[in-house]
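Heads up: the structure comes next, in structure tokens.
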Amino acid sequence: MLELRNIHKKFGDVRVLNGVNLRLEKGFVYTLKGGNGSGKTTLLNIISGFLAPTEGVVKFKGKKIAKFAPYRVNRLGIGRTFQDLRLAMQMTVYENILLALEKKMFGFATAEDAEKNRVNEILEQVSLTEKRNELAGEISYGQQKLLTIGCCIANNADLLLIDEPVAGIDKDNMLKIILLVRQLKQSGKTILQIEHNPAYIEATSDSVLQMEKGVIVCLK
Ligand SMILES: Nc1ncnc2c1ncn2[C@@H]1O[C@H](COP(=O)(O)OP(=O)(O)OP(=O)(O)O)[C@@H](O)[C@H]1O
Ligand SMILES: [Mg+2]
């Protein structure tokens, strides 16, 4: 469903990506590893439209999307989470999901019953029902990670790009995220995640990729 061909990215004179080739098939979980600063997040930024590649082709569902703005890429079915969360910290957990569902700022007063039901379903899926009325800034870090994945689910994406889902979180929430990723795969979603945690990688990944000197090497 996603194909990257010969992706290059330079920042000024610094070459970060040096000819990345990758094909993702529907319904699989791919994990991307690699050292600090090796270009993993840059690659997610390129796929999601936040950065344009210096060179190369990004094809999603047969369309060339390398020059699309993030909102257009998102509409086509690619959702993402950020390494630094980027939640609306002053809004409640419930409102964060609703916001992601509606993809606009001013819908709260007019949320339809169907939307409210969908938000409740997603809250249940990411184990945050009991936290629904708390501010996103006041729940634990692990719960915030679950919430970012919840926002991604609300986006109704077919391809989820997840940047370091379990980095720095406790065992209990890691287990929840493992089960969640497996369940998403079961429902036909495709996942490209960046992660280093060996137990997590083992428990979730169909394929393991390594970013090395600006290219991707397939390890499994
Ligand atoms: N917008 C930008 N402008 C300039 N340089 C950038 C930009 N984004 C990333 N870089 C540089 O590109 C390199 C790759 O960064 P990137 O964030 O993709 O690495 P990463 O593999 O995700 O690392 P980490 O494991 O630390 O998250 C780094 O040297 C970084 O400083
Ligand atoms: Mg990164």
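Residue numbers start at 1 in each chain; chains themselves are named A, B, ... in the order of the structure tokens; ligands are numbered from 1 in the order shown.
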
Neighbours of A:Leu43 within 9 Å (only C-alpha atoms; same-chain residues fewer than 2 positions away dropped), as a ChimeraX atom specification? /A:7,9,17,20,39-41,45-48,51,53

Same residues, all heavy atoms, output as a short mmCIF file (atom, residue, chain, number, x, y, z; two decimals), in the first residue's frame:
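Writing the result to part_26.cif gives the following:
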data_model
loop_
_atom_site.label_atom_id
_atom_site.label_comp_id
_atom_site.auth_asym_id
_atom_site.auth_seq_id
_atom_site.Cartn_x
_atom_site.Cartn_y
_atom_site.Cartn_z
N ILE A 7 14.44 7.45 -1.93
CA ILE A 7 14.20 8.70 -1.19
C ILE A 7 15.51 9.27 -0.66
O ILE A 7 16.26 8.59 0.06
CB ILE A 7 13.25 8.46 0.02
CG1 ILE A 7 11.89 7.95 -0.44
CG2 ILE A 7 13.12 9.72 0.86
CD1 ILE A 7 11.05 8.95 -1.18
N LYS A 9 17.12 12.78 1.38
CA LYS A 9 16.80 14.02 2.07
C LYS A 9 18.08 14.68 2.58
O LYS A 9 18.89 14.04 3.27
CB LYS A 9 15.86 13.75 3.26
CG LYS A 9 15.43 15.02 4.00
CD LYS A 9 14.54 15.91 3.15
CE LYS A 9 14.28 17.25 3.79
NZ LYS A 9 13.51 18.16 2.90
N LEU A 17 18.97 11.09 4.43
CA LEU A 17 18.50 9.89 3.74
C LEU A 17 19.19 9.81 2.38
O LEU A 17 19.32 10.80 1.68
CB LEU A 17 16.98 9.92 3.58
CG LEU A 17 16.19 10.05 4.88
CD1 LEU A 17 14.70 10.11 4.59
CD2 LEU A 17 16.50 8.90 5.84
N VAL A 20 16.41 5.68 0.17
CA VAL A 20 15.59 4.71 0.91
C VAL A 20 14.59 4.06 -0.04
O VAL A 20 13.87 4.74 -0.77
CB VAL A 20 14.83 5.40 2.07
CG1 VAL A 20 13.76 4.46 2.65
CG2 VAL A 20 15.80 5.85 3.14
N GLY A 39 17.79 9.36 11.03
CA GLY A 39 16.83 9.77 10.00
C GLY A 39 15.47 9.09 10.06
O GLY A 39 14.68 9.20 9.12
N LYS A 40 15.18 8.40 11.17
CA LYS A 40 13.92 7.66 11.27
C LYS A 40 12.70 8.60 11.27
O LYS A 40 11.75 8.41 10.51
CB LYS A 40 13.92 6.80 12.55
CG LYS A 40 15.10 5.86 12.64
CD LYS A 40 15.12 5.06 13.93
CE LYS A 40 15.21 5.88 15.20
NZ LYS A 40 16.47 6.66 15.34
N THR A 41 12.76 9.60 12.15
CA THR A 41 11.63 10.55 12.21
C THR A 41 11.52 11.34 10.91
O THR A 41 10.42 11.62 10.43
CB THR A 41 11.79 11.49 13.43
OG1 THR A 41 11.79 10.70 14.62
CG2 THR A 41 10.65 12.49 13.51
N ASN A 45 8.29 11.93 8.66
CA ASN A 45 7.88 13.27 8.23
C ASN A 45 7.67 13.33 6.72
O ASN A 45 6.75 14.01 6.25
CB ASN A 45 8.94 14.30 8.64
CG ASN A 45 8.86 14.65 10.12
OD1 ASN A 45 7.80 14.52 10.74
ND2 ASN A 45 9.97 15.06 10.70
N ILE A 46 8.49 12.62 5.99
CA ILE A 46 8.36 12.61 4.53
C ILE A 46 7.10 11.85 4.11
O ILE A 46 6.32 12.32 3.29
CB ILE A 46 9.62 12.03 3.86
CG1 ILE A 46 10.77 13.05 4.00
CG2 ILE A 46 9.38 11.66 2.41
CD1 ILE A 46 12.12 12.56 3.54
N ILE A 47 6.88 10.69 4.73
CA ILE A 47 5.69 9.90 4.36
C ILE A 47 4.41 10.68 4.68
O ILE A 47 3.45 10.66 3.92
CB ILE A 47 5.69 8.54 5.10
CG1 ILE A 47 6.90 7.70 4.68
CG2 ILE A 47 4.39 7.78 4.82
CD1 ILE A 47 7.12 6.45 5.51
N SER A 48 4.41 11.40 5.81
CA SER A 48 3.18 12.08 6.24
C SER A 48 3.04 13.48 5.64
O SER A 48 2.07 14.18 5.95
CB SER A 48 3.13 12.13 7.77
OG SER A 48 4.31 12.72 8.27
N LEU A 51 7.51 16.93 5.54
CA LEU A 51 8.72 17.34 4.82
C LEU A 51 8.64 16.78 3.41
O LEU A 51 8.07 15.70 3.19
CB LEU A 51 9.98 16.72 5.47
CG LEU A 51 10.49 17.28 6.79
CD1 LEU A 51 11.63 16.39 7.30
CD2 LEU A 51 10.96 18.72 6.64
N PRO A 53 10.73 15.20 0.22
CA PRO A 53 12.05 14.61 -0.02
C PRO A 53 12.85 15.49 -0.99
O PRO A 53 12.25 16.18 -1.81
CB PRO A 53 11.74 13.26 -0.64
CG PRO A 53 10.38 13.40 -1.23
CD PRO A 53 9.66 14.42 -0.40
#

Residues at most 10 Å from ligand 1, using only C-alpha atoms and all ligand atoms? Could they come as a ChimeraX atom specification? /A:9-17,32-46,50-51,83-84,163-164,194-196,211-212,214

Need the shell around A:Asn96: protein/DNA/RNA residues with any atom at most 9 Å away, counting only C-alpha atoms. Skip same-chain ones fewer than 6 positions apart. Format as a PyMOL selection string? chain A and resi 87-89+136+147-148+150-151

For the selection just defined, write its residues with N, CA, C and O atoms to a file, as a PDB file, in the first residue's frame.
ATOM      1  N   LEU A  87      -0.155  16.609  22.015  1.00  0.00           N
ATOM      2  CA  LEU A  87      -1.566  16.549  22.378  1.00  0.00           C
ATOM      3  C   LEU A  87      -2.028  17.956  22.736  1.00  0.00           C
ATOM      4  O   LEU A  87      -1.201  18.838  22.981  1.00  0.00           O
ATOM      5  N   ALA A  88      -3.333  18.155  22.784  1.00  0.00           N
ATOM      6  CA  ALA A  88      -3.863  19.420  23.306  1.00  0.00           C
ATOM      7  C   ALA A  88      -3.930  19.264  24.819  1.00  0.00           C
ATOM      8  O   ALA A  88      -4.898  18.752  25.365  1.00  0.00           O
ATOM      9  N   MET A  89      -2.838  19.648  25.497  1.00  0.00           N
ATOM     10  CA  MET A  89      -2.662  19.327  26.920  1.00  0.00           C
ATOM     11  C   MET A  89      -3.704  19.988  27.831  1.00  0.00           C
ATOM     12  O   MET A  89      -3.985  19.500  28.912  1.00  0.00           O
ATOM     13  N   ALA A 136      -5.447  16.203  29.303  1.00  0.00           N
ATOM     14  CA  ALA A 136      -4.406  15.384  28.681  1.00  0.00           C
ATOM     15  C   ALA A 136      -3.052  15.651  29.339  1.00  0.00           C
ATOM     16  O   ALA A 136      -2.222  14.753  29.471  1.00  0.00           O
ATOM     17  N   LEU A 147      -3.048   7.838  24.368  1.00  0.00           N
ATOM     18  CA  LEU A 147      -3.962   8.853  23.821  1.00  0.00           C
ATOM     19  C   LEU A 147      -3.535   9.284  22.412  1.00  0.00           C
ATOM     20  O   LEU A 147      -4.383   9.470  21.533  1.00  0.00           O
ATOM     21  N   THR A 148      -2.225   9.413  22.187  1.00  0.00           N
ATOM     22  CA  THR A 148      -1.791   9.802  20.824  1.00  0.00           C
ATOM     23  C   THR A 148      -2.180   8.712  19.810  1.00  0.00           C
ATOM     24  O   THR A 148      -2.568   9.026  18.692  1.00  0.00           O
ATOM     25  N   GLY A 150      -4.747   6.771  20.188  1.00  0.00           N
ATOM     26  CA  GLY A 150      -6.204   6.941  20.088  1.00  0.00           C
ATOM     27  C   GLY A 150      -6.567   8.017  19.076  1.00  0.00           C
ATOM     28  O   GLY A 150      -7.505   7.867  18.284  1.00  0.00           O
ATOM     29  N   CYS A 151      -5.821   9.119  19.084  1.00  0.00           N
ATOM     30  CA  CYS A 151      -6.074  10.209  18.129  1.00  0.00           C
ATOM     31  C   CYS A 151      -5.834   9.723  16.699  1.00  0.00           C
ATOM     32  O   CYS A 151      -6.557  10.071  15.774  1.00  0.00           O
TER      33      CYS A 151
END

For a quick check of understanding, using only C-alpha atoms, which of A:Val215, A:Ile153, A:Leu101, A:Leu22 has the smallest distance to A:Lys116?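 The shortest atom-to-atom distance to A:Lys116 comes from A:Leu101.
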
Per-residue DSSP, stretch 35-203 of chain A, filtered to helix (DSSP H, G or I), as a PyMOL selection string: chain A and resi 40-47+70-76+93-102+108-110+113-125+129-131+136-138+141-154+171-186+198-203

Calculated over only C-alpha atoms and all ligand atoms, which of the candidates A:Thr81, A:Thr129, A:Asn74, A:Gln144 has the smallest distance to ligand 2?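 Using only C-alpha atoms and all ligand atoms, ligand 2 sits closest to A:Thr81.
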
Could you tell me how far atom CA of A:Asn173 sits from atom CA of A:Glu121, in Å to one decimal place?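 Result for atom CA of A:Glu121 versus atom CA of A:Asn173: 18.5 Å, one decimal.
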
If you count only C-alpha atoms, which residues fall within 9 Å of A:Leu76, apart from same-chain ones fewer than 6 positions away, as a list of chain:residue names? A:Phe60, A:Lys61, A:Ala157, A:Asp158

So that I can see what lies close to A:Lys64, please list as number ranges by chain the residues with an atom at most 12 Å from it, counting only C-alpha atoms and leaving out residues fewer than 5 positions away in the same chain. A: 1-5, 47, 49, 56-59, 72-73, 76

Let me see the file: selected residues, N, CA and C atoms, as a short mmCIF file (atom, residue, chain, number, x, y, z; two decimals), in the first residue's frame.
data_model
loop_
_atom_site.label_atom_id
_atom_site.label_comp_id
_atom_site.auth_asym_id
_atom_site.auth_seq_id
_atom_site.Cartn_x
_atom_site.Cartn_y
_atom_site.Cartn_z
N MET A 1 0.82 -1.22 0.00
CA MET A 1 0.00 0.00 0.00
C MET A 1 0.85 1.27 0.00
N LEU A 2 2.06 1.16 0.54
CA LEU A 2 2.99 2.30 0.49
C LEU A 2 4.29 1.87 -0.17
N GLU A 3 4.77 2.70 -1.06
CA GLU A 3 6.03 2.40 -1.71
C GLU A 3 6.93 3.63 -1.68
N LEU A 4 8.16 3.44 -1.22
CA LEU A 4 9.16 4.51 -1.25
C LEU A 4 10.23 4.10 -2.24
N ARG A 5 10.54 5.01 -3.15
CA ARG A 5 11.58 4.67 -4.14
C ARG A 5 12.67 5.72 -4.12
N ILE A 47 6.88 10.69 4.73
CA ILE A 47 5.69 9.90 4.36
C ILE A 47 4.41 10.68 4.68
N GLY A 49 3.99 13.91 4.82
CA GLY A 49 3.85 15.19 4.14
C GLY A 49 4.37 16.40 4.90
N GLY A 56 13.08 11.52 -4.99
CA GLY A 56 12.47 10.22 -4.75
C GLY A 56 10.95 10.24 -4.85
N VAL A 57 10.39 9.02 -4.86
CA VAL A 57 8.95 8.86 -5.06
C VAL A 57 8.31 8.24 -3.83
N VAL A 58 7.20 8.84 -3.37
CA VAL A 58 6.38 8.26 -2.31
C VAL A 58 5.02 7.94 -2.94
N LYS A 59 4.67 6.65 -2.95
CA LYS A 59 3.40 6.26 -3.55
C LYS A 59 2.52 5.60 -2.50
N ARG A 72 -3.68 16.64 3.28
CA ARG A 72 -4.10 15.82 2.13
C ARG A 72 -3.65 14.39 2.29
N VAL A 73 -2.42 14.22 2.79
CA VAL A 73 -1.90 12.87 3.04
C VAL A 73 -2.79 12.19 4.08
N LEU A 76 -6.04 10.95 2.77
CA LEU A 76 -5.90 9.73 1.96
C LEU A 76 -5.79 8.48 2.83
#

Tell me, as number ranges by chain, which residues lie within 7 Å of A:Thr190, counting only C-alpha atoms; anything in the same chain fewer than 5 positions away does not count. A: 26-29, 158-160, 185

Long-range neighbours of A:Leu128 as a VMD selection string, 8 Å cut-off, only C-alpha atoms, 3 positions minimum in chain: chain A and resid 93 123 to 125 131 to 132 143 146 to 147

For the selection just defined, write its residues with N, CA, C and O atoms to a file, as a compact mmCIF listing (two decimals), in the first residue's frame.
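Ended up saving to selection_2.txt:
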# COMPACT_ATOMS: atom_id res chain seq x y z
N VAL A 93 -9.04 14.34 27.86
CA VAL A 93 -8.75 13.15 27.06
C VAL A 93 -9.85 12.97 26.02
O VAL A 93 -9.59 12.76 24.83
N LEU A 123 -11.96 5.42 23.27
CA LEU A 123 -11.45 5.54 24.65
C LEU A 123 -11.32 4.16 25.28
O LEU A 123 -10.34 3.85 25.95
N GLU A 124 -12.31 3.30 25.02
CA GLU A 124 -12.31 1.94 25.54
C GLU A 124 -11.13 1.16 24.93
O GLU A 124 -10.38 0.48 25.64
N GLN A 125 -10.97 1.32 23.62
CA GLN A 125 -9.92 0.61 22.88
C GLN A 125 -8.52 0.97 23.41
O GLN A 125 -7.64 0.11 23.47
N LYS A 131 -10.29 7.86 32.35
CA LYS A 131 -9.54 9.13 32.37
C LYS A 131 -10.20 10.18 31.48
O LYS A 131 -9.64 11.26 31.28
N ARG A 132 -11.35 9.85 30.94
CA ARG A 132 -11.94 10.68 29.87
C ARG A 132 -12.09 12.16 30.22
O ARG A 132 -11.94 13.02 29.37
N GLN A 143 -0.05 6.92 29.56
CA GLN A 143 -1.44 7.17 29.12
C GLN A 143 -1.48 8.20 27.99
O GLN A 143 -2.30 8.10 27.08
N LEU A 146 -0.79 6.36 24.88
CA LEU A 146 -2.01 5.67 24.45
C LEU A 146 -2.97 6.65 23.80
O LEU A 146 -3.61 6.34 22.79
N LEU A 147 -3.05 7.84 24.37
CA LEU A 147 -3.96 8.85 23.82
C LEU A 147 -3.53 9.28 22.41
O LEU A 147 -4.38 9.47 21.53

List every residue of stretch 99-192 of chain A that DSSP, applied to the backbone of this structure, places in strand (DSSP E or B), and write the result as a PyMOL selection string. chain A and resi 135+159-163+190-192

In Å, how far is it from atom CA of A:Arg86 to atom CA of A:Leu99?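 About the pair atom CA of A:Arg86 and atom CA of A:Leu99: they are 12.8 Å apart.
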
How many Å lie between atom CA of A:Tyr141 and atom CA of A:Leu85, rounded to one decimal? 9.4 Å

Find the residue from A:Lys67, A:Lys171, A:Arg118, A:Arg80 that sits nearest to A:Asn197; use only C-alpha atoms when measuring. A:Lys171
